[in-house]
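Enquirer: I am sharing target-v7.cif, which consists of mmCIF, C-alpha atoms:
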data_model
#
loop_
_atom_site.label_atom_id
_atom_site.label_comp_id
_atom_site.auth_asym_id
_atom_site.auth_seq_id
_atom_site.Cartn_x
_atom_site.Cartn_y
_atom_site.Cartn_z
CA MET L 1 -22.03 -11.48 5.71
CA ILE L 2 -18.35 -11.74 4.77
CA LEU L 3 -18.98 -9.84 1.52
CA LEU L 4 -20.62 -6.98 3.42
CA GLN L 5 -17.69 -6.95 5.88
CA LEU L 6 -15.22 -6.84 2.97
CA PHE L 7 -17.08 -3.97 1.32
CA LEU L 8 -17.43 -1.95 4.53
CA SER L 9 -13.85 -2.57 5.67
CA PHE L 10 -12.37 -1.50 2.36
CA ALA L 11 -14.81 1.41 2.06
CA LYS L 12 -13.50 2.56 5.45
CA VAL L 13 -9.93 2.24 4.18
CA GLY L 14 -10.92 4.09 1.01
CA VAL L 15 -12.65 6.96 2.78
CA LEU L 16 -9.95 7.44 5.43
CA THR L 17 -6.89 7.15 3.21
CA PHE L 18 -5.44 10.39 1.98
CA GLY L 19 -2.24 10.52 -0.01
CA GLY L 20 -2.38 7.35 -2.04
CA GLY L 21 -1.38 3.76 -1.59
CA TYR L 22 1.50 4.09 0.86
CA ALA L 23 -0.47 6.26 3.22
CA MET L 24 -3.02 3.48 3.61
CA ILE L 25 -0.57 0.93 5.08
CA PRO L 26 -1.20 1.83 8.75
CA LEU L 27 -4.96 1.72 8.24
CA LEU L 28 -4.75 -1.60 6.40
CA GLU L 29 -2.59 -2.99 9.20
CA ARG L 30 -5.23 -2.09 11.78
CA GLU L 31 -8.31 -3.07 9.78
CA ILE L 32 -7.14 -6.10 7.80
CA VAL L 33 -4.38 -7.60 9.94
CA GLU L 34 -5.23 -6.70 13.54
CA LYS L 35 -9.02 -6.34 13.55
CA ARG L 36 -10.28 -8.74 10.85
CA ARG L 37 -7.27 -11.10 10.66
CA TRP L 38 -7.83 -11.61 6.95
CA ALA L 39 -4.07 -11.46 6.33
CA SER L 40 -0.83 -11.42 8.30
CA SER L 41 1.55 -8.45 8.24
CA GLU L 42 3.86 -10.45 5.99
CA GLU L 43 1.04 -11.29 3.57
CA LEU L 44 -0.04 -7.66 3.49
CA MET L 45 3.53 -6.62 2.65
CA ASP L 46 3.63 -9.26 -0.10
CA TYR L 47 0.32 -8.02 -1.55
CA TYR L 48 1.68 -4.50 -1.43
CA ALA L 49 4.86 -5.50 -3.23
CA VAL L 50 2.96 -7.34 -5.95
CA GLY L 51 0.40 -4.52 -6.14
CA GLN L 52 3.25 -2.07 -6.70
CA CYS L 53 4.57 -4.09 -9.63
CA THR L 54 1.29 -4.80 -11.38
CA PRO L 55 -0.72 -2.36 -13.46
CA GLY L 56 -3.24 -0.32 -11.55
CA VAL L 57 -3.55 1.46 -8.24
CA ILE L 58 -1.88 -0.15 -5.20
CA ALA L 59 -4.99 0.25 -3.04
CA VAL L 60 -7.18 -1.45 -5.63
CA ASN L 61 -4.71 -4.26 -6.23
CA THR L 62 -4.27 -4.89 -2.51
CA ALA L 63 -8.04 -4.88 -1.92
CA THR L 64 -8.49 -7.32 -4.77
CA PHE L 65 -5.83 -9.69 -3.40
CA ILE L 66 -7.23 -9.67 0.13
CA GLY L 67 -10.84 -9.94 -1.05
CA TYR L 68 -9.95 -12.88 -3.30
CA LYS L 69 -8.05 -14.62 -0.50
CA THR L 70 -10.96 -14.09 1.90
CA ALA L 71 -13.97 -14.89 -0.31
CA GLY L 72 -12.83 -15.92 -3.79
CA ASN L 73 -13.62 -14.06 -7.01
CA LEU L 74 -16.70 -12.33 -5.63
CA GLY L 75 -14.72 -11.26 -2.55
CA GLY L 76 -12.07 -9.70 -4.79
CA ILE L 77 -14.72 -7.77 -6.70
CA VAL L 78 -16.56 -6.61 -3.56
CA ALA L 79 -13.36 -5.50 -1.77
CA THR L 80 -12.26 -3.63 -4.88
CA LEU L 81 -15.62 -1.87 -5.17
CA GLY L 82 -15.43 -1.02 -1.47
CA VAL L 83 -12.05 0.69 -1.72
CA VAL L 84 -12.99 2.57 -4.91
CA PHE L 85 -16.51 3.69 -3.96
CA PRO L 86 -15.59 6.44 -1.45
CA SER L 87 -13.04 7.96 -3.84
CA PHE L 88 -15.55 7.92 -6.67
CA VAL L 89 -18.13 9.77 -4.58
CA ILE L 90 -15.64 12.25 -3.08
CA ILE L 91 -13.94 13.03 -6.40
CA THR L 92 -17.27 13.51 -8.12
CA VAL L 93 -18.37 16.01 -5.46
CA ILE L 94 -15.01 17.82 -5.39
CA ALA L 95 -14.84 18.02 -9.19
CA GLY L 96 -18.15 19.79 -9.16
CA ILE L 97 -16.99 22.53 -6.79
CA ILE L 98 -13.17 22.73 -6.94
CA ARG L 99 -12.94 25.38 -9.63
CA SER L 100 -14.71 27.94 -7.50
CA PHE L 101 -12.47 27.30 -4.46
CA ALA L 102 -9.05 26.39 -5.89
CA ASP L 103 -7.63 29.91 -5.86
CA ILE L 104 -8.64 30.77 -2.31
CA PRO L 105 -5.47 31.21 -0.20
CA ALA L 106 -6.90 29.18 2.71
CA VAL L 107 -7.61 26.25 0.36
CA LYS L 108 -4.08 26.43 -1.07
CA SER L 109 -2.66 26.48 2.46
CA ALA L 110 -4.84 23.55 3.50
CA PHE L 111 -3.56 21.46 0.58
CA ALA L 112 0.04 22.38 1.46
CA GLY L 113 -0.55 21.17 5.03
CA ILE L 114 -2.18 17.97 3.79
CA ARG L 115 0.85 17.23 1.59
CA VAL L 116 3.17 17.52 4.61
CA CYS L 117 0.94 15.20 6.63
CA VAL L 118 0.88 12.64 3.81
CA CYS L 119 4.70 12.68 3.70
CA VAL L 120 4.80 11.81 7.39
CA LEU L 121 2.24 9.02 6.91
CA ILE L 122 4.31 7.58 4.07
CA PHE L 123 7.48 7.80 6.18
CA ASN L 124 5.74 5.92 9.02
CA SER L 125 4.66 3.26 6.53
CA VAL L 126 8.22 2.89 5.29
CA VAL L 127 9.45 2.40 8.87
CA LYS L 128 6.82 -0.32 9.44
CA LEU L 129 7.71 -2.05 6.20
CA TRP L 130 11.41 -1.80 7.09
CA LYS L 131 10.86 -3.53 10.44
CA GLY L 132 8.96 -6.35 8.76
CA ALA L 133 11.26 -6.80 5.77
CA ILE L 134 14.81 -6.30 7.03
CA LYS L 135 15.37 -9.39 9.16
CA ASP L 136 18.94 -10.31 8.28
CA LYS L 137 22.15 -9.06 6.64
CA ALA L 138 21.13 -10.39 3.22
CA ALA L 139 17.88 -8.40 3.26
CA LEU L 140 19.74 -5.30 4.44
CA ALA L 141 22.27 -5.69 1.61
CA LEU L 142 19.49 -6.04 -0.97
CA CYS L 143 17.71 -3.02 0.46
CA LEU L 144 20.82 -0.85 0.29
CA ILE L 145 21.69 -1.99 -3.24
CA VAL L 146 18.18 -1.26 -4.53
CA PHE L 147 18.13 2.09 -2.73
CA VAL L 148 21.43 3.21 -4.24
CA LEU L 149 20.55 1.95 -7.73
CA SER L 150 17.16 3.64 -7.63
CA LEU L 151 18.80 6.95 -6.69
CA PHE L 152 21.20 6.98 -9.64
CA PHE L 153 19.46 4.96 -12.37
CA ASP L 154 15.99 5.00 -13.87
CA ILE L 155 15.27 1.29 -13.45
CA SER L 156 11.76 -0.10 -13.49
CA PRO L 157 10.47 -1.29 -10.10
CA ILE L 158 9.55 -4.55 -11.81
CA VAL L 159 13.23 -5.20 -12.54
CA PHE L 160 14.11 -4.56 -8.88
CA VAL L 161 11.36 -6.89 -7.65
CA VAL L 162 12.28 -9.72 -10.04
CA LEU L 163 16.00 -9.42 -9.25
CA CYS L 164 15.37 -9.28 -5.49
CA ALA L 165 13.05 -12.28 -5.67
CA ALA L 166 15.77 -14.20 -7.52
CA ALA L 167 18.37 -13.03 -4.98
CA GLY L 168 16.11 -14.13 -2.11
CA ILE L 169 15.78 -17.60 -3.63
CA LEU L 170 19.53 -17.77 -4.26
CA PHE L 171 20.38 -16.57 -0.73
CA THR L 172 18.08 -19.21 0.75
CA LYS L 173 19.62 -21.99 -1.36
CA LEU L 174 23.13 -20.83 -0.38
CA GLY L 175 22.17 -20.65 3.30
CA VAL L 176 22.87 -16.91 3.52
CA ARG L 177 19.38 -16.00 4.84
CA GLY L 178 18.88 -15.64 8.58
CA LYS L 179 22.45 -14.68 9.42
#
Rewrite the structure of this file - the entire thing - as structure tokens.
Expert:
Amino acid sequence: MILLQLFLSFAKVGVLTFGGGYAMIPLLEREIVEKRRWASSEELMDYYAVGQCTPGVIAVNTATFIGYKTAGNLGGIVATLGVVFPSFVIITVIAGIIRSFADIPAVKSAFAGIRVCVCVLIFNSVVKLWKGAIKDKAALALCLIVFVLSLFFDISPIVFVVLCAAAGILFTKLGVRGK
């Protein structure tokens, strides 16, 4: 039963998510955190952070983490298949017909509108992540430092994550966290 729920829940996330990994955060919050209670908001954010730093697609990595946590190895496989299956079917169908429709002005306009919508969804996800992550002055300082560095330097996200993890540990040991 739990494996079927994992597959169907992640298939729903997969079929309703447009715009990539960040656009799926609100849907994951509702389905995984609020409805199913398979993870907390903090855990979901952690899975997202790790999923961002590991090879592969964020949606797949996150599904694998949550599936594994919920039902072990088989749960990880089933959740991953669930999130990938809708995309596989949709992309296969679209690939078969896209060439004949790609140059139609209405199709081009529709894709332009979809891109704008996806930007808004990603912005909303960033605001949600911000509210969950920035809980004290130390976290705010780290956020601002990473933001500025990422604007001016081409630094790997892995470096940022490792350095921020080390800073979080150091801040906690020094008693800086929570102030």
Enquirer: So how far away is CA of Leu142 in chain L from CA of Cys164 in chain L, in Å?
Expert: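 Between CA of Cys164 in chain L and CA of Leu142 in chain L the gap works out to 6.9 Å.
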Enquirer: In Å, how far is it from CA of Ala112 in chain L to CA of Ala23 in chain L?
Expert: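 We find that CA of Ala112 in chain L and CA of Ala23 in chain L lie 16.2 Å from each other.
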Enquirer: Considering only C-alpha atoms, state which residue in the set L:Cys119, L:Met45, L:Ala138, L:Cys143 is at the smallest distance from Phe171 in chain L.
Expert: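 Going through L:Cys119, L:Met45, L:Ala138, L:Cys143 one by one, the smallest distance to Phe171 in chain L is for L:Ala138.
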Enquirer: Would you kindly translate the PyMOL selection byres ((chain L and resi 46-56) around 8) into the concrete residues it picks from this file, as a short mmCIF file (atom, residue, chain, number, x, y, z; two decimals) with C-alpha atoms, in the frame of the given file?
Expert:
data_model
loop_
_atom_site.label_atom_id
_atom_site.label_comp_id
_atom_site.auth_asym_id
_atom_site.auth_seq_id
_atom_site.Cartn_x
_atom_site.Cartn_y
_atom_site.Cartn_z
CA GLU L 42 3.86 -10.45 5.99
CA GLU L 43 1.04 -11.29 3.57
CA LEU L 44 -0.04 -7.66 3.49
CA MET L 45 3.53 -6.62 2.65
CA VAL L 57 -3.55 1.46 -8.24
CA ILE L 58 -1.88 -0.15 -5.20
CA ALA L 59 -4.99 0.25 -3.04
CA VAL L 60 -7.18 -1.45 -5.63
CA ASN L 61 -4.71 -4.26 -6.23
CA THR L 62 -4.27 -4.89 -2.51
CA PHE L 65 -5.83 -9.69 -3.40
CA ILE L 66 -7.23 -9.67 0.13
CA PRO L 157 10.47 -1.29 -10.10
CA ILE L 158 9.55 -4.55 -11.81
CA VAL L 161 11.36 -6.89 -7.65
#
Enquirer: Hey, what's within 8 Å of range 125-127 of chain L if we count all atoms listed in the file and toss same-chain stuff fewer than 3 positions away? As a PyMOL selection string, please?
Expert: chain L and resi 22-23+25-26+121-122+130-131
Enquirer: So that I can see what lies close to Thr80 in chain L, please list as number ranges by chain the residues with an atom at most 7 Å from it, counting all atoms listed in the file and leaving out residues fewer than 2 positions away in the same chain.
Expert: L: 60, 63-64, 76-78, 82-84
Enquirer: Which is closest to Gln5 in chain L among L:Thr70, L:Thr92, L:Thr172, L:Thr17, if we use only C-alpha atoms?
Expert: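 Residue with the minimum atom-to-atom distance to Gln5 in chain L: L:Thr70.
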Enquirer: What gap, in Å, lies between CA of Phe88 in chain L and CA of Pro105 in chain L?
Expert: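 Distance between the two atoms: 26.2 Å.
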Enquirer: Mind filling out range 131-152 of chain L with N, CA, C and O atoms and sending it as a PDB file, keeping the file's coordinate frame?
Expert:
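Full text of result16.pdb as output:
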ATOM      1  N   LYS L 131      10.796  -2.614   9.283  1.00  0.00           N
ATOM      2  CA  LYS L 131      10.860  -3.530  10.440  1.00  0.00           C
ATOM      3  C   LYS L 131      10.421  -4.937  10.057  1.00  0.00           C
ATOM      4  O   LYS L 131      10.957  -5.904  10.562  1.00  0.00           O
ATOM      5  N   GLY L 132       9.449  -5.042   9.155  1.00  0.00           N
ATOM      6  CA  GLY L 132       8.960  -6.350   8.760  1.00  0.00           C
ATOM      7  C   GLY L 132       9.818  -7.024   7.706  1.00  0.00           C
ATOM      8  O   GLY L 132       9.856  -8.250   7.613  1.00  0.00           O
ATOM      9  N   ALA L 133      10.524  -6.244   6.909  1.00  0.00           N
ATOM     10  CA  ALA L 133      11.260  -6.800   5.770  1.00  0.00           C
ATOM     11  C   ALA L 133      12.738  -7.045   6.052  1.00  0.00           C
ATOM     12  O   ALA L 133      13.319  -8.002   5.548  1.00  0.00           O
ATOM     13  N   ILE L 134      13.368  -6.200   6.821  1.00  0.00           N
ATOM     14  CA  ILE L 134      14.810  -6.300   7.030  1.00  0.00           C
ATOM     15  C   ILE L 134      15.061  -7.154   8.276  1.00  0.00           C
ATOM     16  O   ILE L 134      15.083  -6.657   9.390  1.00  0.00           O
ATOM     17  N   LYS L 135      15.223  -8.456   8.050  1.00  0.00           N
ATOM     18  CA  LYS L 135      15.370  -9.390   9.160  1.00  0.00           C
ATOM     19  C   LYS L 135      16.768  -9.996   9.255  1.00  0.00           C
ATOM     20  O   LYS L 135      17.066 -10.697  10.200  1.00  0.00           O
ATOM     21  N   ASP L 136      17.591  -9.755   8.250  1.00  0.00           N
ATOM     22  CA  ASP L 136      18.940 -10.310   8.280  1.00  0.00           C
ATOM     23  C   ASP L 136      19.863  -9.470   7.401  1.00  0.00           C
ATOM     24  O   ASP L 136      19.427  -8.514   6.757  1.00  0.00           O
ATOM     25  N   LYS L 137      21.147  -9.830   7.394  1.00  0.00           N
ATOM     26  CA  LYS L 137      22.150  -9.060   6.640  1.00  0.00           C
ATOM     27  C   LYS L 137      21.899  -9.120   5.134  1.00  0.00           C
ATOM     28  O   LYS L 137      22.137  -8.145   4.425  1.00  0.00           O
ATOM     29  N   ALA L 138      21.399 -10.263   4.654  1.00  0.00           N
ATOM     30  CA  ALA L 138      21.130 -10.390   3.220  1.00  0.00           C
ATOM     31  C   ALA L 138      20.029  -9.423   2.790  1.00  0.00           C
ATOM     32  O   ALA L 138      20.146  -8.752   1.756  1.00  0.00           O
ATOM     33  N   ALA L 139      18.970  -9.322   3.573  1.00  0.00           N
ATOM     34  CA  ALA L 139      17.880  -8.400   3.260  1.00  0.00           C
ATOM     35  C   ALA L 139      18.361  -6.951   3.333  1.00  0.00           C
ATOM     36  O   ALA L 139      17.990  -6.113   2.496  1.00  0.00           O
ATOM     37  N   LEU L 140      19.185  -6.650   4.315  1.00  0.00           N
ATOM     38  CA  LEU L 140      19.740  -5.300   4.440  1.00  0.00           C
ATOM     39  C   LEU L 140      20.599  -4.957   3.218  1.00  0.00           C
ATOM     40  O   LEU L 140      20.507  -3.867   2.670  1.00  0.00           O
ATOM     41  N   ALA L 141      21.422  -5.911   2.788  1.00  0.00           N
ATOM     42  CA  ALA L 141      22.270  -5.690   1.610  1.00  0.00           C
ATOM     43  C   ALA L 141      21.418  -5.428   0.373  1.00  0.00           C
ATOM     44  O   ALA L 141      21.683  -4.481  -0.391  1.00  0.00           O
ATOM     45  N   LEU L 142      20.382  -6.247   0.169  1.00  0.00           N
ATOM     46  CA  LEU L 142      19.490  -6.040  -0.970  1.00  0.00           C
ATOM     47  C   LEU L 142      18.826  -4.669  -0.911  1.00  0.00           C
ATOM     48  O   LEU L 142      18.730  -3.960  -1.912  1.00  0.00           O
ATOM     49  N   CYS L 143      18.373  -4.310   0.266  1.00  0.00           N
ATOM     50  CA  CYS L 143      17.710  -3.020   0.460  1.00  0.00           C
ATOM     51  C   CYS L 143      18.648  -1.874   0.078  1.00  0.00           C
ATOM     52  O   CYS L 143      18.263  -0.958  -0.655  1.00  0.00           O
ATOM     53  N   LEU L 144      19.852  -1.915   0.573  1.00  0.00           N
ATOM     54  CA  LEU L 144      20.820  -0.850   0.290  1.00  0.00           C
ATOM     55  C   LEU L 144      21.185  -0.789  -1.190  1.00  0.00           C
ATOM     56  O   LEU L 144      21.298   0.293  -1.771  1.00  0.00           O
ATOM     57  N   ILE L 145      21.353  -1.941  -1.812  1.00  0.00           N
ATOM     58  CA  ILE L 145      21.690  -1.990  -3.240  1.00  0.00           C
ATOM     59  C   ILE L 145      20.565  -1.375  -4.073  1.00  0.00           C
ATOM     60  O   ILE L 145      20.795  -0.537  -4.945  1.00  0.00           O
ATOM     61  N   VAL L 146      19.322  -1.787  -3.788  1.00  0.00           N
ATOM     62  CA  VAL L 146      18.180  -1.260  -4.530  1.00  0.00           C
ATOM     63  C   VAL L 146      18.041   0.239  -4.290  1.00  0.00           C
ATOM     64  O   VAL L 146      17.770   1.010  -5.218  1.00  0.00           O
ATOM     65  N   PHE L 147      18.233   0.667  -3.049  1.00  0.00           N
ATOM     66  CA  PHE L 147      18.130   2.090  -2.730  1.00  0.00           C
ATOM     67  C   PHE L 147      19.138   2.901  -3.536  1.00  0.00           C
ATOM     68  O   PHE L 147      18.785   3.890  -4.174  1.00  0.00           O
ATOM     69  N   VAL L 148      20.376   2.477  -3.531  1.00  0.00           N
ATOM     70  CA  VAL L 148      21.430   3.210  -4.240  1.00  0.00           C
ATOM     71  C   VAL L 148      21.161   3.198  -5.752  1.00  0.00           C
ATOM     72  O   VAL L 148      21.251   4.236  -6.418  1.00  0.00           O
ATOM     73  N   LEU L 149      20.820   2.021  -6.285  1.00  0.00           N
ATOM     74  CA  LEU L 149      20.550   1.950  -7.730  1.00  0.00           C
ATOM     75  C   LEU L 149      19.371   2.821  -8.129  1.00  0.00           C
ATOM     76  O   LEU L 149      19.393   3.461  -9.180  1.00  0.00           O
ATOM     77  N   SER L 150      18.344   2.838  -7.291  1.00  0.00           N
ATOM     78  CA  SER L 150      17.160   3.640  -7.630  1.00  0.00           C
ATOM     79  C   SER L 150      17.444   5.143  -7.558  1.00  0.00           C
ATOM     80  O   SER L 150      16.773   5.926  -8.227  1.00  0.00           O
ATOM     81  N   LEU L 151      18.432   5.537  -6.762  1.00  0.00           N
ATOM     82  CA  LEU L 151      18.800   6.950  -6.690  1.00  0.00           C
ATOM     83  C   LEU L 151      19.505   7.429  -7.962  1.00  0.00           C
ATOM     84  O   LEU L 151      19.306   8.556  -8.399  1.00  0.00           O
ATOM     85  N   PHE L 152      20.341   6.557  -8.544  1.00  0.00           N
ATOM     86  CA  PHE L 152      21.200   6.980  -9.640  1.00  0.00           C
ATOM     87  C   PHE L 152      20.776   6.500 -11.018  1.00  0.00           C
ATOM     88  O   PHE L 152      21.268   7.002 -12.024  1.00  0.00           O
TER      89      PHE L 152
END
